[in-house]
file coords22.txt (compact mmCIF, C-alpha atoms and all ligand atoms)
# COMPACT_ATOMS: atom_id res chain seq x y z
CA MET A 117 163.63 115.73 99.15
CA THR A 118 165.05 116.96 102.39
CA LYS A 119 165.08 120.64 103.20
CA GLU A 120 167.93 121.91 105.24
CA ILE A 121 166.86 121.47 108.81
CA LYS A 122 167.30 124.33 111.19
CA VAL A 123 166.20 123.62 114.69
CA ILE A 124 165.49 126.95 116.29
CA LYS A 125 166.52 126.97 119.90
CA ASN A 126 164.91 128.86 122.71
CA ASP A 127 166.51 129.09 126.13
CA LYS A 128 165.59 125.65 127.31
CA GLU A 129 165.22 123.24 124.48
CA PRO A 130 164.94 122.99 120.70
CA TYR A 131 161.46 123.31 119.22
CA ASN A 132 159.81 120.15 118.11
CA PRO A 133 160.36 120.17 114.33
CA PHE A 134 157.56 117.70 113.62
CA ASN A 135 154.07 118.91 112.95
CA PRO A 136 151.20 116.48 113.28
CA SER A 137 148.49 118.73 111.82
CA PHE A 138 146.70 118.26 108.55
CA GLY A 139 147.67 120.46 105.66
CA GLU A 140 150.66 122.12 107.28
CA LEU A 141 153.98 122.12 105.51
CA PRO A 142 156.33 119.79 107.39
CA TYR A 143 160.00 120.57 107.92
CA SER A 144 160.98 118.07 105.29
CA ILE A 145 158.71 116.79 102.59
CA LEU A 146 159.86 113.24 102.09
CA GLY A 147 159.54 111.02 99.07
CA ARG A 148 158.17 113.66 96.71
CA GLY A 149 161.43 114.84 95.18
CA GLN A 150 160.78 113.53 91.69
CA ILE A 151 157.35 114.97 91.25
CA ILE A 152 158.43 118.29 92.74
CA GLU A 153 161.27 118.45 90.20
CA LYS A 154 158.92 117.73 87.31
CA ILE A 155 156.59 120.47 88.40
CA ARG A 156 159.44 122.89 88.92
CA ASN A 157 160.56 122.20 85.34
CA ALA A 158 157.04 122.80 84.13
CA PHE A 159 156.97 126.27 85.69
CA ASP A 160 160.44 126.95 84.41
CA SER A 161 159.99 125.79 80.84
CA ASN A 162 157.38 126.03 78.15
CA LEU A 163 153.65 126.46 78.49
CA LYS A 164 152.97 123.09 76.94
CA ASP A 165 154.78 121.07 79.60
CA PRO A 166 152.37 118.29 80.65
CA TYR A 167 153.11 118.91 84.33
CA ARG A 168 151.33 122.27 84.12
CA THR A 169 148.09 120.35 84.67
CA VAL A 170 148.23 117.62 87.32
CA LEU A 171 145.66 115.61 89.26
CA PHE A 172 146.86 114.22 92.57
CA SER A 173 145.08 111.47 94.39
CA GLY A 174 145.73 109.67 97.66
CA ALA A 175 144.11 108.50 100.88
CA ARG A 176 143.59 110.87 103.79
CA GLY A 177 146.91 111.87 105.36
CA MET A 178 148.90 110.92 102.28
CA GLY A 179 150.11 114.48 101.79
CA LYS A 180 147.92 115.97 99.07
CA THR A 181 147.34 119.35 100.71
CA VAL A 182 150.98 119.65 101.70
CA LEU A 183 152.11 118.96 98.15
CA LEU A 184 149.76 121.59 96.77
CA GLU A 185 151.23 124.07 99.23
CA LYS A 186 154.73 123.18 98.17
CA ILE A 187 153.76 123.68 94.53
CA VAL A 188 152.39 127.12 95.37
CA GLU A 189 155.75 127.99 96.94
CA ILE A 190 157.56 126.92 93.78
CA ALA A 191 155.16 128.78 91.53
CA LEU A 192 155.84 131.98 93.48
CA GLU A 193 159.56 131.55 92.80
CA TYR A 194 158.74 131.57 89.10
CA GLY A 195 156.70 134.74 89.36
CA PHE A 196 153.27 133.18 89.33
CA VAL A 197 150.26 134.48 91.16
CA SER A 198 148.48 131.57 92.78
CA VAL A 199 144.96 131.08 94.01
CA ASN A 200 144.25 128.14 96.23
CA ILE A 201 140.77 126.97 96.78
CA THR A 202 139.01 123.98 98.27
CA ALA A 203 136.14 122.48 96.31
CA GLY A 204 132.82 123.53 97.78
CA ASP A 205 129.87 125.83 97.40
CA PHE A 206 131.79 129.11 97.42
CA MET A 207 134.56 128.13 95.07
CA ILE A 208 133.97 130.84 92.49
CA ASP A 209 133.65 133.59 95.10
CA ASP A 210 136.84 132.39 96.78
CA LEU A 211 138.63 132.24 93.47
CA PHE A 212 137.92 135.86 92.61
CA GLU A 213 138.39 137.15 96.11
CA GLN A 214 141.87 135.64 96.20
CA ILE A 215 142.77 136.60 92.70
CA PHE A 216 141.95 140.27 93.26
CA GLU A 217 143.63 140.33 96.62
CA ARG A 218 146.82 138.83 95.23
CA THR A 219 147.06 140.84 92.05
CA GLU A 220 145.91 144.26 93.23
CA HIS A 221 149.16 145.08 94.91
CA LEU A 222 151.23 143.87 92.00
CA LEU A 223 149.27 145.67 89.33
CA SER A 224 148.56 148.91 91.14
CA GLN A 225 152.27 149.35 91.78
CA LYS A 226 153.08 148.78 88.17
CA LYS A 227 150.46 151.18 86.94
CA LYS A 228 151.14 153.62 89.76
CA ILE A 229 147.53 153.63 90.76
CA LYS A 230 146.90 155.14 94.14
CA SER A 231 145.31 152.73 96.48
CA VAL A 232 141.58 152.93 95.85
CA SER A 233 139.15 150.48 97.38
CA ILE A 234 139.66 146.96 96.10
CA LYS A 235 136.19 146.85 94.72
CA ASN A 236 136.66 150.00 92.63
CA PHE A 237 140.06 148.79 91.55
CA ASN A 238 138.59 145.52 90.32
CA ILE A 239 135.92 147.29 88.37
CA GLU A 240 138.14 149.99 86.90
CA PHE A 241 141.25 148.01 86.26
CA PHE A 242 139.96 144.56 85.40
CA ASN A 243 136.62 145.71 84.13
CA ASP A 244 135.18 143.08 86.47
CA ASP A 245 131.52 142.33 86.25
CA THR A 246 130.17 139.58 88.46
CA THR A 247 127.27 138.92 86.12
CA LEU A 248 129.63 137.64 83.43
CA ARG A 249 130.73 134.04 82.96
CA VAL A 250 133.71 132.81 84.97
CA ARG A 251 135.68 132.37 81.79
CA THR A 252 135.30 135.98 80.75
CA ARG A 253 135.88 137.43 84.22
CA LEU A 254 139.02 135.41 84.66
CA GLU A 255 140.21 136.20 81.16
CA ARG A 256 140.28 139.89 82.01
CA VAL A 257 142.62 139.34 84.92
CA LEU A 258 144.68 136.80 83.09
CA SER A 259 145.37 139.01 80.12
CA LYS A 260 146.67 141.79 82.42
CA LEU A 261 148.84 139.32 84.29
CA ASN A 262 150.24 137.69 81.20
CA GLU A 263 150.99 141.10 79.70
CA MET A 264 153.32 141.60 82.63
CA GLY A 265 154.84 138.17 82.23
CA VAL A 266 153.08 136.83 85.30
CA GLY A 267 151.52 133.37 85.18
CA LEU A 268 148.47 132.14 87.05
CA LEU A 269 148.34 128.93 89.07
CA ILE A 270 145.03 127.62 90.34
CA THR A 271 145.03 124.82 92.92
CA ILE A 272 141.82 123.07 93.92
CA ASP A 273 141.94 120.72 96.90
CA GLU A 274 139.44 118.02 97.89
CA ILE A 275 137.79 117.87 94.50
CA TYR A 276 134.59 115.95 93.82
CA LYS A 277 132.68 115.93 90.61
CA THR A 278 129.51 117.69 91.73
CA ALA A 279 131.30 120.65 93.35
CA SER A 280 129.48 123.68 92.00
CA GLY A 281 131.72 125.85 89.87
CA LEU A 282 134.28 123.12 89.21
CA SER A 283 133.24 122.62 85.63
CA GLU A 284 133.22 126.37 84.94
CA ILE A 285 136.79 126.67 86.16
CA ILE A 286 137.93 123.63 84.23
CA ILE A 287 136.29 124.76 81.01
CA ALA A 288 137.82 128.21 81.38
CA TYR A 289 141.24 126.72 82.03
CA GLN A 290 141.01 124.46 79.01
CA HIS A 291 140.21 127.47 76.91
CA TYR A 292 143.22 129.45 78.22
CA LYS A 293 145.49 126.49 77.53
CA ARG A 294 144.34 126.44 73.95
CA GLU A 295 145.02 130.14 73.66
CA GLY A 296 148.56 129.58 74.92
CA ARG A 297 148.13 131.53 78.15
CA ASN A 298 150.65 131.21 80.97
CA VAL A 299 148.53 129.11 83.35
CA ALA A 300 148.75 125.99 85.51
CA LEU A 301 146.13 123.92 87.30
CA MET A 302 146.73 121.45 90.13
CA LEU A 303 143.86 119.37 91.49
CA ALA A 304 143.86 117.00 94.46
CA GLY A 305 141.35 114.61 95.95
CA LEU A 306 140.62 111.20 97.35
CA PRO A 307 141.14 108.45 94.74
CA LYS A 308 137.45 107.70 94.40
CA ASN A 309 136.56 111.36 93.91
CA VAL A 310 139.33 111.83 91.38
CA SER A 311 138.24 108.81 89.37
CA ASP A 312 134.65 110.14 89.46
CA VAL A 313 135.86 113.43 88.05
CA LEU A 314 137.62 111.52 85.28
CA SER A 315 134.82 109.14 84.44
CA ASP A 316 132.07 109.92 82.00
CA SER A 317 128.90 111.38 83.49
CA PRO A 318 126.56 114.32 82.87
CA GLU A 319 128.58 116.50 85.29
CA THR A 320 131.91 115.62 83.73
CA ARG A 321 131.10 115.70 80.04
CA ASN A 322 133.30 118.76 79.54
CA PHE A 323 136.28 117.29 81.34
CA THR A 324 137.70 115.27 78.47
CA PHE A 325 140.93 117.21 78.43
CA LEU A 326 141.49 116.38 82.11
CA ARG A 327 141.55 112.71 81.21
CA ARG A 328 144.68 113.44 79.25
CA ALA A 329 146.28 115.41 82.10
CA GLU A 330 149.08 114.00 84.26
CA ARG A 331 147.86 111.87 87.15
CA VAL A 332 149.92 111.33 90.26
CA ILE A 333 148.90 108.75 92.81
CA LEU A 334 150.55 109.57 96.13
CA LYS A 335 152.08 106.52 97.73
CA ASN A 336 153.70 105.70 101.02
CA ILE A 337 157.20 107.00 101.68
CA ASP A 338 160.29 104.83 101.54
CA ILE A 339 161.32 103.63 105.03
CA GLU A 340 164.98 104.36 104.23
CA GLU A 341 164.27 108.04 103.60
CA ILE A 342 162.24 108.31 106.81
CA THR A 343 165.06 106.66 108.76
CA GLN A 344 167.57 109.20 107.47
CA THR A 345 165.33 112.13 108.30
CA TYR A 346 164.72 110.93 111.86
CA PHE A 347 168.40 110.25 112.32
CA SER A 348 169.52 113.68 111.14
CA THR A 349 166.69 115.68 112.72
CA PHE A 350 167.08 114.16 116.19
CA ASN A 351 170.85 114.18 116.15
CA GLU A 352 171.08 117.75 114.96
CA ALA A 353 169.43 118.60 118.27
CA ASN A 354 171.84 116.29 120.09
CA LYS A 355 169.17 113.85 121.09
CA GLY A 356 171.44 110.86 120.59
CA LEU A 357 169.23 108.74 118.32
CA SER A 358 171.01 105.53 117.34
CA ALA A 359 170.83 104.27 113.77
CA GLU A 360 169.03 101.19 114.99
CA ASN A 361 166.38 103.21 116.80
CA ALA A 362 165.94 105.48 113.80
CA VAL A 363 165.07 102.38 111.74
CA PHE A 364 162.70 101.20 114.47
CA MET A 365 160.82 104.51 114.47
CA ALA A 366 160.71 104.69 110.67
CA GLU A 367 159.28 101.19 110.49
CA ALA A 368 156.58 102.13 112.98
CA THR A 369 155.31 104.80 110.55
CA LYS A 370 154.80 102.12 107.88
CA GLY A 371 155.63 104.87 105.40
CA TYR A 372 152.34 106.71 105.97
CA PRO A 373 153.11 110.46 105.76
CA PHE A 374 150.85 111.57 108.59
CA MET A 375 152.37 108.91 110.83
CA ILE A 376 155.88 110.25 110.05
CA GLN A 377 154.88 113.51 111.72
CA LEU A 378 153.00 111.81 114.59
CA VAL A 379 155.80 109.42 115.52
CA GLY A 380 158.46 112.12 115.17
CA TYR A 381 156.43 114.58 117.21
CA TYR A 382 155.56 112.32 120.13
CA VAL A 383 158.95 110.67 120.43
CA TRP A 384 160.47 114.15 120.47
CA GLN A 385 158.00 115.31 123.14
CA LYS A 386 158.78 112.36 125.38
CA SER A 387 162.54 112.68 125.02
CA LYS A 388 163.37 115.85 126.92
CA GLU A 389 167.10 115.45 126.48
CA LYS A 390 168.17 112.14 124.99
CA VAL A 391 166.03 109.58 123.20
CA ASN A 392 165.90 106.07 124.53
CA LYS A 393 163.90 102.98 123.67
CA GLU A 394 161.40 103.58 126.43
CA PHE A 395 160.53 107.07 125.11
CA ILE A 396 160.39 105.74 121.58
CA LEU A 397 157.89 103.04 122.50
CA ALA A 398 155.77 105.51 124.46
CA GLY A 399 155.92 108.02 121.59
CA ILE A 400 154.80 105.42 119.06
CA GLU A 401 151.91 104.39 121.31
CA GLU A 402 150.73 107.98 121.58
CA ALA A 403 151.14 108.47 117.83
CA LYS A 404 148.88 105.47 117.19
CA GLU A 405 146.31 106.82 119.62
CA ARG A 406 146.27 110.20 117.89
CA LEU A 407 145.99 108.50 114.51
CA GLY A 408 142.94 106.65 115.85
CA ILE A 409 141.30 109.84 117.06
CA LEU A 410 142.19 112.08 114.13
CA VAL A 411 141.76 109.71 111.24
CA PHE A 412 139.98 106.47 112.09
CA ALA A 413 137.27 107.66 114.49
CA ALA A 414 136.21 110.34 111.99
CA SER A 415 136.21 107.94 109.03
CA LEU A 416 134.34 105.19 110.85
CA ASN A 417 131.72 107.67 111.99
CA ASP A 418 130.67 108.13 108.40
CA ILE A 419 129.86 104.48 107.71
CA SER A 420 126.87 102.30 108.65
CA ASP A 421 126.81 99.66 111.39
CA LYS A 422 126.77 96.94 108.74
CA ASP A 423 129.83 98.39 107.07
CA LEU A 424 131.56 98.43 110.42
CA GLU A 425 130.60 94.82 111.00
CA PHE A 426 132.20 93.91 107.69
CA LEU A 427 135.39 95.80 108.59
CA ARG A 428 135.62 94.10 111.98
CA ALA A 429 135.18 90.67 110.39
CA MET A 430 137.87 91.63 107.91
CA ALA A 431 140.23 92.85 110.65
CA SER A 432 140.11 89.48 112.40
CA PHE A 433 142.20 87.98 109.58
CA GLU A 434 145.81 88.40 108.51
CA MET A 435 146.14 90.75 105.52
CA PRO A 436 145.50 90.47 102.65
CA VAL A 437 142.31 88.56 103.27
CA GLN A 438 140.15 86.61 100.82
CA THR A 439 136.65 88.06 100.43
CA ALA A 440 135.37 84.49 100.70
CA ASP A 441 136.81 84.22 104.22
CA ILE A 442 134.95 87.34 105.32
CA GLN A 443 131.77 85.88 103.89
CA LYS A 444 132.25 82.67 105.87
CA LYS A 445 133.03 84.57 109.04
CA MET A 446 129.94 86.76 108.71
CA GLY A 447 127.75 83.84 107.64
CA VAL A 448 126.08 85.83 104.88
CA SER A 449 125.41 85.34 101.16
CA GLN A 450 127.94 86.07 98.45
CA GLY A 451 125.72 88.84 97.06
CA TYR A 452 125.61 90.51 100.47
CA VAL A 453 129.33 90.40 100.98
CA GLN A 454 129.97 91.72 97.46
CA GLN A 455 127.65 94.63 98.06
CA TYR A 456 129.45 95.65 101.26
CA ARG A 457 132.83 95.05 99.71
CA GLN A 458 131.94 97.45 96.90
CA ARG A 459 130.63 100.12 99.27
CA LEU A 460 133.68 99.94 101.46
CA LEU A 461 136.06 100.09 98.52
CA GLU A 462 134.37 103.39 97.70
CA THR A 463 135.10 104.78 101.16
CA GLU A 464 138.82 104.24 100.47
CA LEU A 465 139.27 102.57 103.83
CA ILE A 466 140.08 99.31 102.08
CA TYR A 467 141.48 98.37 98.70
CA SER A 468 141.93 95.26 96.64
CA PRO A 469 145.62 94.37 96.22
CA ALA A 470 144.79 91.37 94.00
CA TYR A 471 141.78 89.59 92.58
CA GLY A 472 139.46 88.35 95.36
CA LYS A 473 141.62 89.90 98.07
CA LEU A 474 141.27 92.89 100.38
CA ASP A 475 143.54 94.94 102.62
CA PHE A 476 143.26 98.14 104.68
CA SER A 477 144.40 101.36 103.01
CA ILE A 478 145.81 103.08 106.09
CA PRO A 479 148.27 101.42 108.48
CA TYR A 480 147.03 100.52 111.97
CA LEU A 481 143.37 100.59 110.96
CA ARG A 482 143.26 96.83 111.38
CA GLU A 483 144.68 97.06 114.91
CA TYR A 484 142.29 99.89 115.70
CA LEU A 485 139.30 97.76 114.68
CA ASN A 486 140.55 94.82 116.71
CA ILE A 487 140.64 96.72 120.00
N1 LIG B 501 155.83 113.93 101.98
C1 LIG B 501 155.67 114.11 103.29
N2 LIG B 501 156.71 113.97 104.16
C2 LIG B 501 156.54 114.15 105.48
N3 LIG B 501 155.36 114.47 106.05
C3 LIG B 501 154.29 114.63 105.25
C4 LIG B 501 154.39 114.46 103.83
N4 LIG B 501 153.18 114.66 103.30
C5 LIG B 501 152.36 114.95 104.31
N5 LIG B 501 153.00 114.94 105.49
C6 LIG B 501 152.39 115.18 106.81
O1 LIG B 501 151.21 114.38 106.88
C7 LIG B 501 150.11 115.12 107.40
C8 LIG B 501 148.96 115.08 106.43
O2 LIG B 501 149.27 115.75 105.23
P1 LIG B 501 148.12 116.40 104.34
O3 LIG B 501 148.77 117.06 103.19
O4 LIG B 501 147.24 117.24 105.19
O5 LIG B 501 147.33 115.09 103.86
P2 LIG B 501 146.04 114.98 102.92
O6 LIG B 501 145.73 116.34 102.38
O7 LIG B 501 146.42 114.00 101.85
O8 LIG B 501 144.97 114.40 103.80
C9 LIG B 501 150.64 116.50 107.72
O9 LIG B 501 150.96 116.54 109.10
C10 LIG B 501 151.89 116.63 106.90
O10 LIG B 501 152.83 117.43 107.57
MG MG B 502 144.06 117.53 102.59
call {"tool": "encode", "arguments": {"input": "coords22.txt", "output": "structure tokens", "more": "lines below"}}
Ligand SMILES: Nc1ncnc2c1ncn2[C@@H]1O[C@H](COP(=O)(O)OP(=O)(O)O)[C@@H](O)[C@H]1O
Ligand SMILES: [Mg+2]
result
Amino acid sequence: MTKEIKVIKNDKEPYNPFNPSFGELPYSILGRGQIIEKIRNAFDSNLKDPYRTVLFSGARGMGKTVLLEKIVEIALEYGFVSVNITAGDFMIDDLFEQIFERTEHLLSQKKKIKSVSIKNFNIEFFNDDTTLRVRTRLERVLSKLNEMGVGLLITIDEIYKTASGLSEIIIAYQHYKREGRNVALMLAGLPKNVSDVLSDSPETRNFTFLRRAERVILKNIDIEEITQTYFSTFNEANKGLSAENAVFMAEATKGYPFMIQLVGYYVWQKSKEKVNKEFILAGIEEAKERLGILVFAASLNDISDKDLEFLRAMASFEMPVQTADIQKKMGVSQGYVQQYRQRLLETELIYSPAYGKLDFSIPYLREYLNI
């Protein structure tokens, strides 16, 4: 889906419309048109629409946070109040802090309540009592909202199964769904964490209903769509990007959403007036460097020396590689190689595209390891 692009001009030159920062809404969200439409319909139509409850998963930089933000924007159009939290120790506090902050204004206006302190407002109006269960506290707000025809969207980013408070929120939500309340819940996380949340364990025994929720696995973006966006964005600012060079840049992103922003941003920076091949090559180089610093260095920091040794052995082959070849290269036992393979699959840095084979999950990681 391509938003209309408006390049705001200052005196000297147009602003760079690409944004290579995590979690910030890009100018155009590419490749997510279908899912965005489904979610829009869900807000628009009945409470039972399956896309009211969605679990997103994808590798780092695949666009999970950005999609949640987009969904919040849509929910606001449909008159929802939204609270957006990141899984962690203070989830419940964050949830209520946001919910009161975002509803106070709305409700006090309606009821013509003079602005009292938020705390008093919460106690008087919502009958809030922090010693009660999450489900009951939230219910009090929800019933006031729903009375006014306002729905509630909760988004939780970076979920993992042991996040304290997660199960309380999920159980409460499940209960509101059964009661036919106007609610929606969007969760996002790394694939491994999402599958942990969905698998059976003591922490997840109350999550059965989530296993029936919609699951969306975020994939790479179509090169064609990236090409078109580069072409129109650069040429709208009269940067003279040829169709051929637009394809070249799009291919360099390998469809990885974060790389779309990095390549766009650095090529734009280098090309003060017009783009040429030299600037494009330099921009792509810098984009790869930034990808290394922002994504790979951080991820590789978290793994052991042995894991790294395995990855380097893996990177010396063409992809996809046979696990047996890595074993030979490392000169270790099959049991050893299987153990490391399993551990690394859990880090999401690699995946298995077919039986006995492995590949890297993020483009350019192989090159990065080979330096
Ligand atoms: N669909 C998309 N189209 C274009 N750029 C995207 C898209 N999704 C994400 N991005 C860009 O990629 C980067 C990472 O996105 P983010 O949502 O933070 O990833 P995640 O939360 O999955 O790690 C951001 O700079 C964002 O602007
Ligand atoms: Mg994120």
call {"tool": "residues_near_ligand", "arguments": {"input": "coords22.txt", "ligand": "ligand MG 502 (chain B)", "cutoff": "6 Å", "atoms": "all atoms listed in the file", "output": "PyMOL selection string"}}
result
chain A and resi 139+180-181
call {"tool": "residues_near_ligand", "arguments": {"input": "coords22.txt", "ligand": "ligand LIG 501 (chain B)", "cutoff": "7 Å", "atoms": "all atoms listed in the file", "output": "PyMOL selection string"}}
result
chain A and resi 135-142+144-148+174-183+373-377
call {"tool": "closest_residue", "arguments": {"input": "coords22.txt", "among": "A:Ala304, A:Glu341, A:Met430, A:Gly281", "to": "Lys444 in chain A", "atoms": "all atoms listed in the file"}}
result
A:Met430
call {"tool": "residues_around", "arguments": {"input": "coords22.txt", "residues": "Thr343 in chain A", "least_positions_apart": "3", "cutoff": "6 Å", "atoms": "all atoms listed in the file", "output": "list of chain:residue names"}}
result
A:Glu340, A:Tyr346, A:Ala362, A:Val363, A:Ala366
call {"tool": "write_last_selection", "arguments": {"input": "coords22.txt", "atoms": "C-alpha atoms", "output": "PDB file, in the frame of the given file"}}
result
ATOM      1  CA  GLU A 340     164.980 104.360 104.230  1.00  0.00           C
ATOM      2  CA  TYR A 346     164.720 110.930 111.860  1.00  0.00           C
ATOM      3  CA  ALA A 362     165.940 105.480 113.800  1.00  0.00           C
ATOM      4  CA  VAL A 363     165.070 102.380 111.740  1.00  0.00           C
ATOM      5  CA  ALA A 366     160.710 104.690 110.670  1.00  0.00           C
TER       6      ALA A 366
END
call {"tool": "atom_distance", "arguments": {"input": "coords22.txt", "atom1": "CA of Arg168 in chain A", "atom2": "CA of Ala300 in chain A"}}
result
4.7 Å
call {"tool": "closest_residue", "arguments": {"input": "coords22.txt", "among": "A:Gly371, A:Pro479, A:Gly195, A:Gly204", "to": "Ser280 in chain A", "atoms": "all atoms listed in the file"}}
result
A:Gly204
call {"tool": "atom_distance", "arguments": {"input": "coords22.txt", "atom1": "CA of Thr349 in chain A", "atom2": "CA of Asn132 in chain A"}}
result
9.8 Å
call {"tool": "closest_residue", "arguments": {"input": "coords22.txt", "among": "A:Ile478, A:Leu485, A:Leu303, A:Leu416", "to": "Ala431 in chain A", "atoms": "only C-alpha atoms"}}
result
A:Leu485
call {"tool": "decode", "arguments": {"input": "coords22.txt", "residues": "range 403-432 of chain A", "atoms": "C-alpha atoms", "output": "PDB file, in the first residue's frame"}}
result
ATOM      1  CA  ALA A 403      23.217   0.974   4.216  1.00  0.00           C
ATOM      2  CA  LYS A 404      24.924  -2.405   4.627  1.00  0.00           C
ATOM      3  CA  GLU A 405      27.311  -0.956   7.176  1.00  0.00           C
ATOM      4  CA  ARG A 406      24.457   0.497   9.213  1.00  0.00           C
ATOM      5  CA  LEU A 407      22.599  -2.809   9.003  1.00  0.00           C
ATOM      6  CA  GLY A 408      25.711  -4.495  10.417  1.00  0.00           C
ATOM      7  CA  ILE A 409      25.936  -2.064  13.307  1.00  0.00           C
ATOM      8  CA  LEU A 410      22.242  -1.803  14.131  1.00  0.00           C
ATOM      9  CA  VAL A 411      21.127  -5.367  13.618  1.00  0.00           C
ATOM     10  CA  PHE A 412      23.947  -7.882  13.306  1.00  0.00           C
ATOM     11  CA  ALA A 413      26.440  -6.614  15.893  1.00  0.00           C
ATOM     12  CA  ALA A 414      23.685  -6.497  18.520  1.00  0.00           C
ATOM     13  CA  SER A 415      22.347  -9.957  17.647  1.00  0.00           C
ATOM     14  CA  LEU A 416      25.775 -11.589  17.533  1.00  0.00           C
ATOM     15  CA  ASN A 417      26.651 -10.081  20.891  1.00  0.00           C
ATOM     16  CA  ASP A 418      23.982 -12.209  22.483  1.00  0.00           C
ATOM     17  CA  ILE A 419      25.348 -15.561  21.339  1.00  0.00           C
ATOM     18  CA  SER A 420      28.262 -17.700  22.581  1.00  0.00           C
ATOM     19  CA  ASP A 421      31.651 -18.058  20.881  1.00  0.00           C
ATOM     20  CA  LYS A 422      30.728 -21.585  19.839  1.00  0.00           C
ATOM     21  CA  ASP A 423      27.523 -20.387  18.244  1.00  0.00           C
ATOM     22  CA  LEU A 424      29.511 -17.784  16.373  1.00  0.00           C
ATOM     23  CA  GLU A 425      31.950 -20.425  15.207  1.00  0.00           C
ATOM     24  CA  PHE A 426      29.040 -22.427  13.817  1.00  0.00           C
ATOM     25  CA  LEU A 427      27.663 -19.362  12.014  1.00  0.00           C
ATOM     26  CA  ARG A 428      31.037 -18.555  10.480  1.00  0.00           C
ATOM     27  CA  ALA A 429      31.439 -22.128   9.259  1.00  0.00           C
ATOM     28  CA  MET A 430      27.943 -21.889   7.822  1.00  0.00           C
ATOM     29  CA  ALA A 431      28.675 -18.551   6.122  1.00  0.00           C
ATOM     30  CA  SER A 432      31.606 -20.033   4.224  1.00  0.00           C
TER      31      SER A 432
END
